[in-house]
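A.B. asks: Have a look at this one before I ask anything.
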Amino acid sequence: METVRPKGERGSVYYFFVNRTSGKGRSVEVWNEIEKILKEKNVQYQAVTTDTKEEALEILKELLCTKQAIQAIVALGGDGTIHSIMNELIGSSVPFSVIPTGSGNDYARARGISKDYRKEIEKLLLNEQKKIDLLEVGNRHCMTVVGIGFDGKVADEANKMKWKRWLGGTAYFFTILKVLLTYKPSEIKLKLNDEERLFKKVWLIAIANHAYYGGGIKICPIAKSNDGKLDICVIHSLPKWRLLFILARVFSGKHVSMKGVEYHQVEKIEVESDEPLFVTADGEMMGQTPTTVSIKKEAFHVMN
Ligand SMILES: Nc1ncnc2c1ncn2[C@@H]1O[C@H](COP(=O)(O)OP(=O)(O)OP(=O)(O)O)[C@@H](O)[C@H]1O
């Protein structure tokens with residue numbers, strides 16, 4: 001860790017949490033460039049470079065306990081890094097920011113946060129803040145999308161893949177095709193706010209705060225994190241071959257008008273299934289159904 005003094009409020013420090021494992025090891029390269037900019041601009045900062053989330057969260061926890069004046073916590077990583085840091089930060093008023101260096105970067109994609117770190121650092125130094133909604137799933141929070149069913153299985157397989165980080169977004173695409181060969185749809189009971197619905201053959205349920213997951217899949221194209229709503233996409237009652245047509249249109253978000261696709265906006269959803277299904281949030285495994293997801297309005301302070 002290195003500290004450089006100061007600009008802006010005396011004693012306020014920007015903390016950069018650099019996940020060495022995200023992307024293709026890109027975080028550290030990007031961090032080295034960012035550090036040069038911060039030194040040029042005489043910005044007060046500290047870097048925390050970590051190989052595991054446990055290590056990062058322990059340091060973050062200690063930092064939040066010290067009452068140190070924190071200007072912002074900035075993550076260099078992908079959606080998994082954002083997920084773990086956000087879950088630790090929630091409840092504090094410390095603002096969060098991200099420089100996307102992961103393989104999927106769906107949070108950044110949805111919010112228009114670019115990989116041009118120079119531009120993002122300029123924005124960061126303006127110190128403008130806003131509050132965004134989060135999804136609450138069990139005792140965790142999610143920034144982007146909760147995936148249940150087929151996509152939960154895909155995320156599980158993709159996370160196990162050693163070569164995921166070398167393929168980037170394409171990793172998810174290949175995994176989708178692999179899971180498609182064996183996956184069987186399930187019977188699902190949904191409670192959408194107070195309305196109960198039974199679906200006989202559900203392939204997937206996506207519950208979104210932002211539009212994208214899986215490295216650019218625009219599953220809930222109109223999802224926004226400032227509307228106090230969960231966007232829900234249910235894909236059901238289709239033969240397997242028709243899923244390929246949906247897949248072909250989901251990257252542009254045009255699948256929502258297709259047969260077998262239902263779209264809802266609610267504040268709370270409860271999901272029960274005839275057999276346990278994987279539940280993921282921000283691409284990280286959360287557990288299995290049954291589960292409840294609700295919106296937490298303006299629950300998180302962000303800077304970009
Ligand atoms: N601060 C951290 N330092 C080290 N490892 C972390 C940290 N936060 C999370 N991790 C772990 O690193 C893994 C990979 O990180 P991340 O998901 O950000 O990168 P990615 O998989 O390349 O990007 P994306 O999720 O956008 O596809 C996560 O699944 C998580 O277990």
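By order of appearance in the structure tokens: chains A, B, ..., then residues from 1 within every chain, and ligands from 1 in the order shown.
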Please identify every polymer residue within 6 Å of ligand 1, using only C-alpha atoms and all ligand atoms, and present the set as a CSV table (one decimal) with N, CA and C atoms, in the first residue's frame.

C.D. replies:
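Result saved to pocket.csv:
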chain,number,residue,atom,x,y,z
A,17,PHE,N,-9.5,-1.0,-4.7
A,17,PHE,CA,-9.5,-2.4,-4.4
A,17,PHE,C,-9.3,-3.1,-5.8
A,19,ASN,N,-8.6,-6.4,-7.9
A,19,ASN,CA,-8.7,-7.8,-7.9
A,19,ASN,C,-7.8,-8.4,-8.9
A,21,THR,N,-7.3,-11.3,-9.9
A,21,THR,CA,-7.7,-12.4,-10.6
A,21,THR,C,-8.8,-12.1,-11.7
A,22,SER,N,-9.3,-10.9,-11.7
A,22,SER,CA,-10.4,-10.7,-12.6
A,22,SER,C,-9.9,-10.3,-14.0
A,23,GLY,N,-10.8,-10.6,-15.0
A,23,GLY,CA,-10.4,-10.3,-16.4
A,23,GLY,C,-9.2,-11.2,-16.7
A,50,THR,N,-5.5,-7.7,-4.2
A,50,THR,CA,-5.8,-8.9,-3.5
A,50,THR,C,-6.0,-10.1,-4.5
A,51,ASP,N,-5.8,-11.3,-4.0
A,51,ASP,CA,-6.0,-12.5,-4.8
A,51,ASP,C,-7.3,-13.2,-4.4
A,52,THR,N,-7.8,-12.9,-3.2
A,52,THR,CA,-9.1,-13.6,-2.9
A,52,THR,C,-10.0,-12.5,-2.3
A,53,LYS,N,-11.3,-12.8,-2.4
A,53,LYS,CA,-12.3,-11.9,-1.9
A,53,LYS,C,-12.2,-11.8,-0.4
A,56,ALA,N,-9.7,-9.3,0.6
A,56,ALA,CA,-10.2,-7.9,0.3
A,56,ALA,C,-11.3,-7.5,1.3
A,77,GLY,N,-12.2,-4.5,-11.2
A,77,GLY,CA,-12.5,-5.9,-11.3
A,77,GLY,C,-13.8,-6.0,-12.1
A,78,GLY,N,-14.4,-7.2,-12.1
A,78,GLY,CA,-15.7,-7.4,-12.8
A,78,GLY,C,-16.8,-7.5,-11.8
A,79,ASP,N,-17.9,-8.1,-12.2
A,79,ASP,CA,-19.1,-8.1,-11.5
A,79,ASP,C,-19.0,-8.8,-10.1
A,80,GLY,N,-18.2,-9.9,-10.1
A,80,GLY,CA,-17.9,-10.6,-8.9
A,80,GLY,C,-17.3,-9.7,-7.8
A,81,THR,N,-16.3,-8.9,-8.3
A,81,THR,CA,-15.6,-8.0,-7.3
A,81,THR,C,-16.6,-7.0,-6.8
A,84,SER,N,-19.0,-8.5,-4.2
A,84,SER,CA,-18.5,-8.7,-2.8
A,84,SER,C,-18.2,-7.4,-2.1
A,102,GLY,N,-13.1,-6.7,-15.6
A,102,GLY,CA,-13.4,-8.1,-15.5
A,102,GLY,C,-13.6,-8.7,-16.9
A,103,SER,N,-14.2,-9.9,-16.9
A,103,SER,CA,-14.5,-10.5,-18.2
A,103,SER,C,-15.9,-10.2,-18.7
A,104,GLY,N,-16.8,-10.1,-17.8
A,104,GLY,CA,-18.2,-9.8,-18.2
A,104,GLY,C,-18.6,-8.3,-18.2
A,105,ASN,N,-18.3,-7.7,-17.0
A,105,ASN,CA,-18.5,-6.2,-16.8
A,105,ASN,C,-19.9,-5.8,-17.1
A,165,ARG,N,-11.6,-16.9,-18.1
A,165,ARG,CA,-11.0,-15.6,-18.1
A,165,ARG,C,-10.3,-15.3,-19.4

A.B. asks: List every residue of segment 47-158 of chain A that has an atom at most 12 Å from any atom of segment 188-212 of chain A, giving for each one its closest atom pair and the distance in Å to one decimal, counting only C-alpha atoms, sorted by chain and then by ascending residue number, as CSV.

C.D. replies:
residue,atom,partner,partner_atom,distance
A:Asp79,CA,A:Tyr212,CA,11.0
A:Gly104,CA,A:Tyr212,CA,9.6
A:Asn105,CA,A:Tyr212,CA,9.1
A:Asp106,CA,A:Tyr212,CA,5.5
A:Tyr107,CA,A:His210,CA,7.0
A:Ala108,CA,A:Tyr212,CA,9.5
A:Arg109,CA,A:Tyr212,CA,7.5
A:Ala110,CA,A:His210,CA,6.0
A:Arg111,CA,A:His210,CA,8.0
A:Gly112,CA,A:His210,CA,11.2
A:Ile132,CA,A:Asn209,CA,9.4
A:Asp133,CA,A:Asn209,CA,7.3
A:Leu134,CA,A:Asn209,CA,6.6
A:Leu135,CA,A:Asn209,CA,6.5
A:Glu136,CA,A:Asn209,CA,10.3
A:Val137,CA,A:Ile207,CA,10.2
A:His141,CA,A:Asn209,CA,10.8
A:Cys142,CA,A:Asn209,CA,8.0
A:Met143,CA,A:Asn209,CA,6.4
A:Thr144,CA,A:His210,CA,4.9
A:Val145,CA,A:Ala208,CA,4.3
A:Val146,CA,A:Ile207,CA,5.0
A:Gly147,CA,A:Ala206,CA,4.7
A:Ile148,CA,A:Ile205,CA,5.2
A:Gly149,CA,A:Leu204,CA,4.7
A:Phe150,CA,A:Leu204,CA,5.2
A:Asp151,CA,A:Leu204,CA,6.3
A:Gly152,CA,A:Leu204,CA,8.2
A:Lys153,CA,A:Leu204,CA,9.8
A:Val154,CA,A:Leu204,CA,10.6

A.B. asks: Tell me, in Å to one decimal, how far atom CA of Lys254 of chain A is from atom CA of Trp241 of chain A.

C.D. replies: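 Atom CA of Lys254 of chain A sits 17.8 Å away from atom CA of Trp241 of chain A.
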
A.B. asks: May I ask for the distance between atom CA of Glu267 of chain A and atom CA of Gly228 of chain A, given in Å to one decimal place?

C.D. replies: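 Between atom CA of Glu267 of chain A and atom CA of Gly228 of chain A the gap works out to 7.1 Å.
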
A.B. asks: Can you tell me, as JSON, numbers by chain, which residues in segment 63-197 of chain A count as strand (DSSP E or B) by DSSP?

C.D. replies: {"A": [70, 71, 72, 73, 74, 75, 76, 77, 90, 92, 96, 97, 98, 99, 100, 130, 131, 132, 133, 134, 135, 136, 137, 140, 141, 142, 145, 146, 147, 148, 149, 186, 187, 188, 189, 190, 191, 192, 195, 196, 197]}

A.B. asks: Between atom CA of Ile176 of chain A and atom CA of Val250 of chain A, what is the distance, to one decimal in Å?

C.D. replies: 12.6 Å

A.B. asks: Could you find all residues in segment 39-253 of chain A that DSSP calls helix (DSSP H, G or I) from the backbone, and write them as a PyMOL selection string?

C.D. replies: chain A and resi 39-40+53-65+79-89+106-111+117-125+150-160+164-167+170-182+240-250

A.B. asks: Give me, as JSON, numbers by chain, all polymer residues having an atom no more than 8 Å from Ser273 of chain A, counting only C-alpha atoms and skipping those fewer than 4 positions away in the same chain.

C.D. replies: {"A": [186, 187, 188, 189, 277, 289, 290]}

A.B. asks: I need the residues from that last selection saved to file as a compact mmCIF listing (two decimals), in the first residue's frame (with N, CA and C atoms), if you can.

C.D. replies:
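Ended up saving to again31.txt:
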# COMPACT_ATOMS: atom_id res chain seq x y z
N SER A 186 -38.45 -26.70 -15.54
CA SER A 186 -39.07 -27.05 -14.24
C SER A 186 -40.44 -26.41 -14.08
N GLU A 187 -41.21 -26.99 -13.14
CA GLU A 187 -42.49 -26.37 -12.77
C GLU A 187 -42.20 -25.34 -11.67
N ILE A 188 -42.76 -24.15 -11.87
CA ILE A 188 -42.40 -23.05 -10.96
C ILE A 188 -43.63 -22.28 -10.52
N LYS A 189 -43.63 -21.94 -9.21
CA LYS A 189 -44.69 -21.07 -8.69
C LYS A 189 -44.05 -19.71 -8.40
N LEU A 277 -33.38 -25.28 -7.72
CA LEU A 277 -32.69 -24.70 -8.89
C LEU A 277 -31.61 -23.73 -8.40
N THR A 289 -33.30 -22.50 -5.00
CA THR A 289 -34.68 -22.14 -4.70
C THR A 289 -35.19 -23.03 -3.57
N PRO A 290 -36.20 -22.60 -2.78
CA PRO A 290 -37.00 -21.37 -2.92
C PRO A 290 -36.22 -20.12 -2.52

A.B. asks: Using only C-alpha atoms, pick whichever of A:Ala281, A:Val179, A:Val261, A:Val302 has the shortest atom-to-atom distance to Lys130 of chain A.

C.D. replies: A:Val302

A.B. asks: Show me, as JSON, numbers by chain, the residues that have an atom within 10 Å of Glu122 of chain A when counting only C-alpha atoms, minus same-chain residues fewer than 5 positions from it.

C.D. replies: {"A": [37, 117, 127]}

A.B. asks: Just write the chosen residues, N, CA and C atoms, as a short mmCIF file (atom, residue, chain, number, x, y, z; two decimals), in the first residue's frame.

C.D. replies:
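So part_9.cif came out as:
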data_model
loop_
_atom_site.label_atom_id
_atom_site.label_comp_id
_atom_site.auth_asym_id
_atom_site.auth_seq_id
_atom_site.Cartn_x
_atom_site.Cartn_y
_atom_site.Cartn_z
N ILE A 37 -1.65 8.48 -13.15
CA ILE A 37 -2.55 9.63 -13.26
C ILE A 37 -2.78 10.27 -11.88
N TYR A 117 -10.12 4.17 -18.65
CA TYR A 117 -9.93 4.50 -17.23
C TYR A 117 -9.62 5.98 -17.03
N ASN A 127 -16.29 13.89 -7.82
CA ASN A 127 -16.96 13.57 -6.55
C ASN A 127 -18.48 13.74 -6.57
#
